[in-house]
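Note: the block below is run31.tsv and it holds TSV, C-alpha atoms.
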chain	number	residue	atom	x	y	z
A	1	MET	CA	-13.75	88.94	119.30
A	2	LYS	CA	-11.67	89.37	122.43
A	3	LYS	CA	-14.85	89.83	124.49
A	4	SER	CA	-16.29	86.60	123.06
A	5	ASN	CA	-13.11	84.69	123.91
A	6	GLY	CA	-13.25	86.09	127.43
A	7	ILE	CA	-16.83	84.89	127.94
A	8	ILE	CA	-15.95	81.44	126.64
A	9	SER	CA	-12.99	81.26	129.00
A	10	LEU	CA	-15.19	82.32	131.92
A	11	VAL	CA	-17.78	79.67	131.09
A	12	ILE	CA	-15.08	76.98	130.89
A	13	LEU	CA	-13.68	78.11	134.25
A	14	LEU	CA	-17.11	77.92	135.86
A	15	ILE	CA	-17.67	74.43	134.46
A	16	VAL	CA	-14.32	73.27	135.85
A	17	ILE	CA	-15.18	74.71	139.28
A	18	LEU	CA	-18.59	73.04	139.30
A	19	ILE	CA	-17.07	69.69	138.35
A	20	SER	CA	-14.50	70.04	141.12
A	21	LEU	CA	-17.15	70.90	143.69
A	22	SER	CA	-19.32	67.97	142.67
A	23	GLY	CA	-16.36	65.58	142.83
A	24	CYS	CA	-15.15	66.47	146.32
A	25	LYS	CA	-17.46	66.19	149.28
A	26	GLU	CA	-17.21	66.57	152.99
A	27	ARG	CA	-14.69	64.35	154.73
A	28	GLY	CA	-15.99	61.79	157.16
A	29	GLU	CA	-14.25	60.62	160.31
A	30	VAL	CA	-12.87	57.10	160.03
A	31	ILE	CA	-12.97	54.86	163.09
A	32	ILE	CA	-11.52	51.45	162.28
A	33	SER	CA	-12.38	49.99	165.67
A	34	ASN	CA	-13.88	51.16	168.95
A	35	THR	CA	-11.21	49.25	170.86
A	36	ILE	CA	-7.66	50.24	169.89
A	37	ILE	CA	-4.43	49.44	171.72
A	38	ARG	CA	-1.98	52.31	171.14
A	39	PHE	CA	1.79	52.48	171.56
A	40	ASP	CA	4.43	55.19	171.12
A	41	GLU	CA	7.64	53.34	170.33
A	42	PHE	CA	9.20	50.00	169.53
A	43	PRO	CA	11.27	48.37	172.29
A	44	ILE	CA	14.15	47.65	169.88
A	45	VAL	CA	15.45	49.80	167.02
A	46	ASP	CA	18.26	48.55	164.81
A	47	SER	CA	19.43	48.71	161.21
A	48	ILE	CA	20.56	46.48	158.34
A	49	VAL	CA	22.68	46.95	155.24
A	50	PHE	CA	21.74	45.23	151.98
A	51	SER	CA	24.09	43.58	149.51
A	52	ASP	CA	23.48	42.63	145.87
A	53	LEU	CA	22.19	39.12	145.19
A	54	PHE	CA	21.62	39.15	141.41
A	55	GLU	CA	20.56	41.50	138.64
A	56	PHE	CA	16.89	41.21	137.66
A	57	LEU	CA	16.01	42.57	134.21
A	58	GLU	CA	12.46	41.24	133.83
A	59	GLY	CA	10.55	43.97	135.68
A	60	VAL	CA	10.19	44.91	139.36
A	61	PRO	CA	9.56	42.20	141.98
A	62	TRP	CA	6.55	42.80	144.21
A	63	ALA	CA	6.93	39.85	146.55
A	64	TYR	CA	9.50	37.21	147.47
A	65	PHE	CA	8.84	33.66	148.63
A	66	PRO	CA	11.90	31.73	149.87
A	67	VAL	CA	11.17	27.99	149.62
A	68	ASP	CA	13.98	25.55	150.37
A	69	SER	CA	16.85	26.61	148.08
A	70	ASN	CA	14.65	28.67	145.77
A	71	LEU	CA	13.46	32.26	145.80
A	72	ILE	CA	10.14	32.73	143.98
A	73	LEU	CA	9.70	36.25	142.62
A	74	PHE	CA	6.27	37.74	141.98
A	75	ASN	CA	6.95	40.25	139.25
A	76	GLU	CA	5.49	43.54	138.06
A	77	GLY	CA	6.53	43.62	134.41
A	78	THR	CA	6.46	46.36	131.83
A	79	GLY	CA	4.78	46.49	128.43
A	80	ASP	CA	2.74	43.60	127.04
A	81	ASN	CA	5.36	40.85	126.95
A	82	TYR	CA	6.40	39.67	130.37
A	83	SER	CA	5.76	37.00	133.00
A	84	PHE	CA	4.52	37.34	136.56
A	85	LEU	CA	6.57	34.56	138.19
A	86	TYR	CA	10.25	33.61	138.22
A	87	LYS	CA	12.33	31.18	140.26
A	88	TYR	CA	15.87	31.91	141.36
A	89	SER	CA	18.04	29.04	142.57
A	90	LEU	CA	20.00	30.22	145.61
A	91	THR	CA	22.43	27.31	145.21
A	92	GLU	CA	22.93	27.37	141.43
A	93	LYS	CA	22.67	31.18	141.19
A	94	ALA	CA	20.40	30.87	138.16
A	95	LEU	CA	17.11	32.50	137.17
A	96	SER	CA	14.40	30.44	135.52
A	97	ARG	CA	12.28	31.43	132.56
A	98	GLY	CA	9.03	33.23	133.32
A	99	TYR	CA	5.71	31.61	134.28
A	100	ILE	CA	2.15	32.94	133.92
A	101	ARG	CA	2.61	35.36	131.08
A	102	TYR	CA	0.71	38.60	130.57
A	103	GLY	CA	-2.39	38.00	128.45
A	104	ARG	CA	-5.96	36.74	128.35
A	105	GLY	CA	-5.25	33.22	127.13
A	106	PRO	CA	-4.93	29.93	129.03
A	107	ASP	CA	-2.49	30.06	131.97
A	108	GLU	CA	-2.15	33.86	131.57
A	109	ALA	CA	-3.10	36.89	133.66
A	110	VAL	CA	-3.64	40.60	133.05
A	111	GLY	CA	-3.71	42.27	136.45
A	112	ALA	CA	-1.92	39.80	138.71
A	113	TRP	CA	-2.07	41.79	141.93
A	114	TRP	CA	-0.72	39.45	144.58
A	115	ALA	CA	0.45	35.90	145.20
A	116	GLY	CA	1.01	33.56	148.09
A	117	ILE	CA	1.50	30.06	149.40
A	118	TYR	CA	-1.04	27.95	151.25
A	119	GLU	CA	0.43	24.61	152.35
A	120	ASN	CA	1.45	22.99	149.03
A	121	THR	CA	-0.43	25.41	146.77
A	122	PHE	CA	1.01	28.48	145.12
A	123	TRP	CA	-1.69	30.98	144.11
A	124	VAL	CA	-1.86	34.16	142.06
A	125	PHE	CA	-4.67	36.71	142.33
A	126	ASP	CA	-5.65	38.51	139.11
A	127	LEU	CA	-7.54	41.65	140.16
A	128	THR	CA	-8.39	42.74	136.61
A	129	LEU	CA	-9.87	39.45	135.39
A	130	ARG	CA	-11.28	38.59	138.85
A	131	ASN	CA	-9.53	35.29	138.76
A	132	VAL	CA	-7.45	33.12	141.11
A	133	LEU	CA	-4.82	30.84	139.56
A	134	THR	CA	-3.37	27.95	141.56
A	135	MET	CA	-0.64	25.38	141.00
A	136	ASP	CA	1.05	22.62	142.93
A	137	LEU	CA	4.05	24.17	144.68
A	138	ASN	CA	6.30	21.10	144.41
A	139	GLU	CA	5.51	20.71	140.73
A	140	PHE	CA	6.26	24.37	140.14
A	141	LEU	CA	9.61	24.14	141.91
A	142	ALA	CA	10.65	20.86	140.28
A	143	ASN	CA	9.31	21.30	136.77
A	144	SER	CA	11.16	23.49	134.29
A	145	GLU	CA	8.17	23.36	131.94
A	146	GLN	CA	4.77	24.91	132.56
A	147	PRO	CA	3.07	23.37	135.62
A	148	GLU	CA	-0.63	22.61	135.53
A	149	ILE	CA	-2.62	25.72	136.44
A	150	ASN	CA	-6.19	25.78	137.76
A	151	GLN	CA	-8.32	28.91	137.42
A	152	TYR	CA	-11.23	30.04	139.60
A	153	LYS	CA	-13.44	32.98	138.63
A	154	HIS	CA	-15.43	35.32	140.87
A	155	ASP	CA	-17.57	38.34	140.04
A	156	GLN	CA	-16.68	40.66	142.92
A	157	GLN	CA	-14.08	43.38	143.29
A	158	PHE	CA	-11.42	42.44	145.82
A	159	TYR	CA	-8.22	44.31	146.74
A	160	ARG	CA	-6.21	41.48	148.32
A	161	ILE	CA	-6.89	37.89	149.34
A	162	ALA	CA	-5.43	35.24	151.65
A	163	PHE	CA	-6.29	31.53	151.70
A	164	ILE	CA	-7.52	30.12	155.00
A	165	ASP	CA	-8.02	26.58	153.72
A	166	SER	CA	-7.75	24.79	150.39
A	167	LEU	CA	-11.27	25.82	149.31
A	168	THR	CA	-11.77	29.19	151.01
A	169	PHE	CA	-10.09	32.58	151.03
A	170	LEU	CA	-10.57	35.82	152.91
A	171	ALA	CA	-10.82	38.93	150.73
A	172	VAL	CA	-10.47	42.64	151.39
A	173	SER	CA	-13.56	43.77	149.50
A	174	LEU	CA	-13.89	47.04	147.59
A	175	THR	CA	-17.61	46.58	146.95
A	176	ASN	CA	-20.46	48.19	148.88
A	177	THR	CA	-20.26	45.95	151.92
A	178	ASP	CA	-20.07	47.51	155.37
A	179	THR	CA	-17.58	44.91	156.64
A	180	LYS	CA	-13.81	44.49	156.46
A	181	LEU	CA	-13.57	40.98	155.00
A	182	SER	CA	-15.48	38.61	152.77
A	183	VAL	CA	-15.27	34.83	153.20
A	184	VAL	CA	-15.26	33.45	149.64
A	185	ASP	CA	-15.73	29.93	148.28
A	186	LEU	CA	-12.91	29.23	145.82
A	187	ASN	CA	-14.88	26.92	143.52
A	188	THR	CA	-18.06	28.98	143.19
A	189	GLY	CA	-16.68	32.47	143.75
A	190	GLU	CA	-19.60	33.17	146.08
A	191	THR	CA	-19.30	35.05	149.34
A	192	LYS	CA	-20.27	32.78	152.22
A	193	GLU	CA	-20.01	35.35	154.99
A	194	GLU	CA	-19.06	38.97	155.74
A	195	ILE	CA	-16.98	39.62	158.87
A	196	GLY	CA	-15.42	42.54	160.73
A	197	GLU	CA	-17.42	45.61	161.68
A	198	PHE	CA	-15.95	49.10	161.50
A	199	GLY	CA	-16.13	51.30	164.56
A	200	ASN	CA	-17.90	53.96	162.55
A	201	ILE	CA	-19.07	54.45	158.98
A	202	PRO	CA	-19.80	58.13	158.26
A	203	THR	CA	-23.34	58.73	157.06
A	204	ASN	CA	-22.24	61.64	154.87
A	205	VAL	CA	-19.71	59.62	152.86
A	206	PRO	CA	-20.57	57.10	150.11
A	207	LEU	CA	-19.75	53.57	151.24
A	208	ASP	CA	-17.51	52.78	148.24
A	209	ALA	CA	-15.36	55.86	148.91
A	210	PHE	CA	-15.14	54.93	152.60
A	211	LYS	CA	-14.08	51.38	151.72
A	212	ASP	CA	-11.45	52.76	149.32
A	213	ALA	CA	-9.99	54.90	152.12
A	214	CYS	CA	-9.99	51.90	154.47
A	215	THR	CA	-8.24	49.39	152.21
A	216	SER	CA	-5.68	47.15	153.82
A	217	TYR	CA	-3.36	44.35	152.86
A	218	ILE	CA	-3.96	40.88	154.26
A	219	TYR	CA	-1.47	38.16	155.25
A	220	ARG	CA	-2.14	34.78	156.81
A	221	LYS	CA	0.08	33.25	159.47
A	222	PRO	CA	1.70	30.33	157.59
A	223	GLY	CA	1.09	27.68	160.23
A	224	GLY	CA	-1.85	29.10	162.13
A	225	ASP	CA	-5.39	30.43	162.11
A	226	LYS	CA	-4.68	34.15	162.14
A	227	VAL	CA	-4.52	36.91	159.55
A	228	VAL	CA	-3.22	40.45	159.82
A	229	LEU	CA	-4.68	43.52	158.12
A	230	PRO	CA	-2.18	46.42	157.84
A	231	TYR	CA	-4.01	49.57	156.76
A	232	ARG	CA	-2.66	51.73	153.97
A	233	TYR	CA	-3.54	55.23	155.20
A	234	THR	CA	-3.30	54.96	158.98
A	235	ASP	CA	-0.71	53.21	161.17
A	236	ILE	CA	-3.22	50.63	162.37
A	237	ILE	CA	-2.92	46.87	162.09
A	238	GLU	CA	-5.63	44.38	162.98
A	239	ILE	CA	-5.15	40.72	163.79
A	240	TYR	CA	-8.12	38.43	163.26
A	241	ASP	CA	-8.17	35.07	165.00
A	242	ILE	CA	-10.11	32.82	162.64
A	243	ALA	CA	-10.71	30.05	165.16
A	244	ASN	CA	-11.91	32.33	167.97
A	245	GLN	CA	-13.48	34.93	165.65
A	246	SER	CA	-11.84	37.71	167.65
A	247	TRP	CA	-10.05	40.94	166.67
A	248	ILE	CA	-7.10	42.88	168.08
A	249	THR	CA	-6.49	46.44	166.81
A	250	ILE	CA	-3.12	48.15	167.36
A	251	GLN	CA	-2.06	51.68	166.40
A	252	GLY	CA	1.33	53.35	166.57
A	253	PRO	CA	3.81	54.71	166.92
A	254	GLU	CA	2.68	57.95	165.19
A	255	GLN	CA	-1.06	57.36	165.57
A	256	PHE	CA	-2.39	59.34	162.61
A	257	ASN	CA	-5.84	59.09	161.09
A	258	ILE	CA	-7.07	58.60	157.53
A	259	GLU	CA	-7.46	61.97	155.79
A	260	TYR	CA	-9.34	62.13	152.51
A	261	GLU	CA	-12.12	63.65	150.45
A	262	VAL	CA	-14.60	61.98	148.14
A	263	GLY	CA	-14.32	62.02	144.37
A	264	THR	CA	-16.78	60.77	141.79
A	265	ARG	CA	-15.90	59.36	138.38
A	266	PHE	CA	-18.28	57.65	135.93
A	267	GLY	CA	-20.81	57.14	138.70
A	268	ASN	CA	-18.33	55.57	141.13
A	269	ASN	CA	-17.04	57.17	144.31
A	270	PHE	CA	-13.44	56.93	145.46
A	271	MET	CA	-10.91	58.32	147.93
A	272	VAL	CA	-9.32	61.61	146.89
A	273	LYS	CA	-5.95	62.05	148.57
A	274	VAL	CA	-5.47	65.48	150.13
A	275	GLU	CA	-2.47	67.37	151.49
A	276	GLU	CA	-2.84	65.70	154.88
A	277	SER	CA	-3.13	62.16	153.46
A	278	ARG	CA	-0.30	59.89	154.56
A	279	LYS	CA	0.75	56.43	153.48
A	280	ALA	CA	1.26	54.07	156.38
A	281	PHE	CA	2.06	50.50	155.34
A	282	GLN	CA	3.47	49.58	151.95
A	283	ASN	CA	3.16	45.79	151.80
A	284	GLY	CA	4.73	43.23	154.08
A	285	ALA	CA	5.63	39.63	154.82
A	286	VAL	CA	4.93	37.16	157.61
A	287	SER	CA	6.45	34.12	159.26
A	288	ASP	CA	5.06	31.87	161.96
A	289	ASN	CA	6.81	34.02	164.55
A	290	TYR	CA	6.41	37.59	163.35
A	291	ILE	CA	4.59	40.12	161.19
A	292	TYR	CA	6.91	42.34	159.11
A	293	LEU	CA	5.47	45.52	157.56
A	294	LEU	CA	7.16	48.08	155.32
A	295	TYR	CA	6.30	51.56	156.59
A	296	SER	CA	6.24	54.80	154.60
A	297	GLY	CA	4.79	57.56	156.78
A	298	HIS	CA	5.12	60.13	153.97
A	299	ASN	CA	2.38	62.42	152.74
A	300	HIS	CA	0.82	62.23	149.29
A	301	ALA	CA	3.11	64.87	147.74
A	302	SER	CA	6.33	63.08	148.72
A	303	GLU	CA	8.41	61.17	146.19
A	304	TYR	CA	8.69	58.46	148.86
A	305	TRP	CA	4.91	58.02	149.22
A	306	ALA	CA	4.96	54.42	147.92
A	307	LYS	CA	8.35	53.46	149.39
A	308	GLY	CA	9.68	52.78	152.84
A	309	ARG	CA	12.92	52.70	154.84
A	310	TYR	CA	11.46	51.15	157.96
A	311	ILE	CA	10.14	47.70	158.73
A	312	PHE	CA	7.85	47.43	161.73
A	313	VAL	CA	7.86	44.02	163.40
A	314	TYR	CA	5.02	42.66	165.57
A	315	ASP	CA	4.28	39.28	167.08
A	316	TRP	CA	0.98	37.51	166.36
A	317	ASP	CA	-0.54	38.81	169.60
A	318	GLY	CA	-0.10	42.36	168.30
A	319	ASN	CA	2.87	43.32	170.48
A	320	PRO	CA	5.37	45.71	168.83
A	321	VAL	CA	8.71	43.91	168.75
A	322	ARG	CA	11.23	45.80	166.65
A	323	LYS	CA	11.79	48.65	164.21
A	324	ILE	CA	14.33	47.93	161.46
A	325	ILE	CA	15.96	50.85	159.63
A	326	LEU	CA	16.97	49.97	156.06
A	327	ASP	CA	19.96	51.48	154.29
A	328	ARG	CA	17.76	52.54	151.32
A	329	TYR	CA	14.17	53.03	150.23
A	330	VAL	CA	12.43	49.95	148.81
A	331	TYR	CA	8.96	49.07	147.52
A	332	ASP	CA	8.62	45.52	148.85
A	333	PHE	CA	10.47	42.73	150.59
A	334	GLY	CA	10.32	39.09	151.66
A	335	ILE	CA	11.43	37.18	154.75
A	336	SER	CA	12.73	33.63	155.02
A	337	ASN	CA	10.64	31.21	157.05
A	338	ASP	CA	13.30	31.04	159.76
A	339	ASP	CA	13.33	34.86	160.20
A	340	LYS	CA	17.03	35.01	159.35
A	341	THR	CA	17.12	36.57	155.87
A	342	ILE	CA	15.43	39.49	154.12
A	343	TYR	CA	15.11	39.97	150.34
A	344	SER	CA	14.19	43.10	148.43
A	345	TYR	CA	14.87	44.99	145.19
A	346	ASP	CA	16.76	48.20	144.50
A	347	PRO	CA	15.04	50.05	141.62
A	348	GLU	CA	18.07	52.33	141.28
A	349	THR	CA	20.47	49.49	140.42
A	350	GLY	CA	18.11	46.76	139.13
A	351	TYR	CA	19.44	44.22	141.63
A	352	VAL	CA	17.62	41.89	143.96
A	353	ILE	CA	19.25	42.57	147.32
A	354	THR	CA	19.53	40.68	150.57
A	355	SER	CA	20.69	40.96	154.17
A	356	ASP	CA	20.85	38.94	157.34
A	357	LEU	CA	18.31	39.92	159.99
A	358	GLN	CA	20.24	40.70	163.16
Since I need it in another form, could you write the structure as structure tokens?
Amino acid sequence: MKKSNGIISLVILLIVILISLSGCKERGEVIISNTIIRFDEFPIVDSIVFSDLFEFLEGVPWAYFPVDSNLILFNEGTGDNYSFLYKYSLTEKALSRGYIRYGRGPDEAVGAWWAGIYENTFWVFDLTLRNVLTMDLNEFLANSEQPEINQYKHDQQFYRIAFIDSLTFLAVSLTNTDTKLSVVDLNTGETKEEIGEFGNIPTNVPLDAFKDACTSYIYRKPGGDKVVLPYRYTDIIEIYDIANQSWITIQGPEQFNIEYEVGTRFGNNFMVKVEESRKAFQNGAVSDNYIYLLYSGHNHASEYWAKGRYIFVYDWDGNPVRKIILDRYVYDFGISNDDKTIYSYDPETGYVITSDLQ
């Protein structure tokens, strides 16, 4: 009986090893661009200290949009009974009820993954339902009831989006395209164009795993025709000039590469994080003057992998401007349009926090 159990255990072990070997393949070198401007340090390094603004009990804010005397919070809730949006009046010190509830019904979302403002439109991107919800910003700010919400479906898998006009958005695509961005028609959901070539795509790595390793965030300059792509697993940012159709690629100050292996699950390939994998940028915010990016720098095993204590600041020509040291680790943040105030959230205390930008 003991011999039989030993054989069974050996067979199970061999199966596990075979599965592991089939799921992890050779790593491929990632070259984001063949023309990279590198730097070693920021010209200015300073620090800020946060103070409590108000206690937030509805979840964990992902993004912050200061508009006039209001602070719009894009929320990551918990459970099956929460809302994705809240408004906080900076003058009245009051939090509104929630908007866009979790669910599959009208004016609801399941996997609201990001949000933003384009001119007078506030939009929410639902990654799970492949849906974009929009509303009139003024109506949203003025109306205590539910504002009218428009919904636009698409059938592709995007990681993040940014509107470039009222009918078109740029999307960081996770599908098997060999480009960095898709130009998508809002009304039809169809891709009109693919833009942005990589410097190298390894031939020994499945394209979907490569695209997973090369995911970035995307933010549009509020009053201009530029977007920035901060990469998640290397300290590279790229600025795309929409009008001139030109790219600038900047790396620094640590200049580390994307390290990964390939895993396979249910017929799909993905990035497997390894010991050398590091998180670079962990979300960000932009104004017309500057690009602000939360930086981690930690490896995959660190408890601070998805947090940051540094904000890297660049101008829209890609020049490194400033490194801000925070007094605590945070997940996300927002910047006022005049570059004077920063907002974030302390998960240890449950408070939305704020500071002046020196």
(message) Would you pick out the contacts of Gln358 of chain A at 9 Å or less, using all atoms listed in the file, so that residues sharing its chain but fewer than 4 positions from it are not included, and give the list as number ranges by chain?
(response) A: 46-48, 340-341
Compile the contact shell of Phe42 of chain A as a short mmCIF file (atom, residue, chain, number, x, y, z; two decimals) with C-alpha atoms, in the frame of the given file: residues with an atom at most 8 Å away, counting only C-alpha atoms, same-chain residues fewer than 6 positions apart removed.
data_model
loop_
_atom_site.label_atom_id
_atom_site.label_comp_id
_atom_site.auth_asym_id
_atom_site.auth_seq_id
_atom_site.Cartn_x
_atom_site.Cartn_y
_atom_site.Cartn_z
CA PRO A 253 3.81 54.71 166.92
CA PRO A 320 5.37 45.71 168.83
CA VAL A 321 8.71 43.91 168.75
CA ARG A 322 11.23 45.80 166.65
CA LYS A 323 11.79 48.65 164.21
#
(request) Name the residues in contact with Gly350 of chain A at a cut-off of 7 Å, using all atoms listed in the file, excluding same-chain residues fewer than 2 positions from it; report them as a PyMOL selection string. (result) chain A and resi 55-57+346-348+352
(message) When you count all atoms listed in the file, which of these residues is closest to Arg265 of chain A: A:Ala209, A:Ala162, A:Ile100, A:Ala280?
(response)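 Going through A:Ala209, A:Ala162, A:Ile100, A:Ala280 one by one, the smallest distance to Arg265 of chain A is for A:Ala209.
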(request) Rank nothing, just name the residue among A:Asp315, A:Gly223, A:Arg130, A:Ile31 nearest to Asn257 of chain A, using only C-alpha atoms. (result) A:Ile31
(request) May I have the residues at most 12 Å from (14.2, 22.6, 150.2) in the file's coordinates, counting only C-alpha atoms, as a VMD selection string? (result) chain A and resid 66 to 71 89 to 91 137 to 138 141 to 142 337
(request) Would you mind telling me which residue in A:Trp113, A:Trp123, A:Phe270, A:Tyr102 lies nearest to Thr175 of chain A when using all atoms listed in the file? (result) A:Phe270
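You can rank A:Tyr99, A:Trp305, A:Tyr64, A:Tyr159 by their closest distance to Tyr345 of chain A using all atoms listed in the file, and at the top of that list sits A:Tyr64.
Ranking A:Leu85, A:Ile161, A:Leu357, A:Ile32 by their shortest atom-to-atom distance to Glu58 of chain A, with all atoms listed in the file included, puts A:Leu85 first.
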(message) Applying 7 Å and all atoms listed in the file, which residues near Lys221 of chain A remain after dropping the ones on its own chain fewer than 6 positions away? List them as an MDAnalysis selection string.
(response) chainID A and resid 227 286:288
(request) May I ask which of the residues A:Leu170, A:Leu326, A:Ala63, A:Ala243 is the closest one to Gly284 of chain A, counting only C-alpha atoms? (result)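 Using only C-alpha atoms, the shortest distance to Gly284 of chain A belongs to A:Ala63.
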Quick one: residues within 10 Å of Asn187 of chain A, all atoms listed in the file counted, chain neighbours fewer than 4 positions away excluded, as a compact mmCIF listing (two decimals) with C-alpha atoms, keeping the file's coordinate frame?
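Okay, this is what ended up in around.txt:
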# COMPACT_ATOMS: atom_id res chain seq x y z
CA VAL A 132 -7.45 33.12 141.11
CA GLN A 151 -8.32 28.91 137.42
CA TYR A 152 -11.23 30.04 139.60
CA LYS A 153 -13.44 32.98 138.63
CA HIS A 154 -15.43 35.32 140.87
CA LEU A 167 -11.27 25.82 149.31
CA THR A 168 -11.77 29.19 151.01
Starting from the incomplete input, reconstruct N, CA and C atoms of segment 332-351 of chain A and write that as an mmCIF file, keeping the file's coordinate frame.
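As written to disk, selection.cif reads:
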data_model
loop_
_atom_site.group_PDB
_atom_site.id
_atom_site.type_symbol
_atom_site.label_atom_id
_atom_site.label_comp_id
_atom_site.auth_asym_id
_atom_site.auth_seq_id
_atom_site.Cartn_x
_atom_site.Cartn_y
_atom_site.Cartn_z
ATOM 1 N N ASP A 332 9.130 46.780 148.308
ATOM 2 C CA ASP A 332 8.620 45.520 148.850
ATOM 3 C C ASP A 332 9.773 44.720 149.419
ATOM 4 N N PHE A 333 9.428 43.585 150.046
ATOM 5 C CA PHE A 333 10.470 42.730 150.590
ATOM 6 C C PHE A 333 9.874 41.359 150.904
ATOM 7 N N GLY A 334 10.737 40.414 151.223
ATOM 8 C CA GLY A 334 10.320 39.090 151.660
ATOM 9 C C GLY A 334 11.215 38.616 152.784
ATOM 10 N N ILE A 335 10.700 37.692 153.583
ATOM 11 C CA ILE A 335 11.430 37.180 154.750
ATOM 12 C C ILE A 335 11.481 35.664 154.668
ATOM 13 N N SER A 336 12.628 35.086 154.984
ATOM 14 C CA SER A 336 12.730 33.630 155.020
ATOM 15 C C SER A 336 11.918 33.072 156.171
ATOM 16 N N ASN A 337 11.519 31.821 156.042
ATOM 17 C CA ASN A 337 10.640 31.210 157.050
ATOM 18 C C ASN A 337 11.284 31.116 158.431
ATOM 19 N N ASP A 338 12.608 31.122 158.474
ATOM 20 C CA ASP A 338 13.300 31.040 159.760
ATOM 21 C C ASP A 338 13.637 32.414 160.334
ATOM 22 N N ASP A 339 13.139 33.479 159.713
ATOM 23 C CA ASP A 339 13.330 34.860 160.200
ATOM 24 C C ASP A 339 14.787 35.305 160.171
ATOM 25 N N LYS A 340 15.606 34.677 159.347
ATOM 26 C CA LYS A 340 17.030 35.010 159.350
ATOM 27 C C LYS A 340 17.472 35.872 158.173
ATOM 28 N N THR A 341 16.676 35.901 157.084
ATOM 29 C CA THR A 341 17.120 36.570 155.870
ATOM 30 C C THR A 341 16.002 37.425 155.288
ATOM 31 N N ILE A 342 16.371 38.603 154.790
ATOM 32 C CA ILE A 342 15.430 39.490 154.120
ATOM 33 C C ILE A 342 15.861 39.653 152.665
ATOM 34 N N TYR A 343 14.877 39.749 151.766
ATOM 35 C CA TYR A 343 15.110 39.970 150.340
ATOM 36 C C TYR A 343 14.326 41.195 149.892
ATOM 37 N N SER A 344 14.900 41.954 148.980
ATOM 38 C CA SER A 344 14.190 43.100 148.430
ATOM 39 C C SER A 344 14.755 43.408 147.050
ATOM 40 N N TYR A 345 14.449 44.595 146.543
ATOM 41 C CA TYR A 345 14.870 44.990 145.190
ATOM 42 C C TYR A 345 15.217 46.473 145.216
ATOM 43 N N ASP A 346 16.332 46.802 144.601
ATOM 44 C CA ASP A 346 16.760 48.200 144.500
ATOM 45 C C ASP A 346 16.440 48.718 143.106
ATOM 46 N N PRO A 347 15.415 49.562 142.954
ATOM 47 C CA PRO A 347 15.040 50.050 141.620
ATOM 48 C C PRO A 347 16.107 50.950 140.996
ATOM 49 N N GLU A 348 17.009 51.475 141.816
ATOM 50 C CA GLU A 348 18.070 52.330 141.280
ATOM 51 C C GLU A 348 19.143 51.526 140.566
ATOM 52 N N THR A 349 19.400 50.301 141.012
ATOM 53 C CA THR A 349 20.470 49.490 140.420
ATOM 54 C C THR A 349 19.935 48.323 139.604
ATOM 55 N N GLY A 350 18.669 47.911 139.828
ATOM 56 C CA GLY A 350 18.110 46.760 139.130
ATOM 57 C C GLY A 350 18.508 45.430 139.728
ATOM 58 N N TYR A 351 18.998 45.449 140.971
ATOM 59 C CA TYR A 351 19.440 44.220 141.630
ATOM 60 C C TYR A 351 18.467 43.779 142.716
#
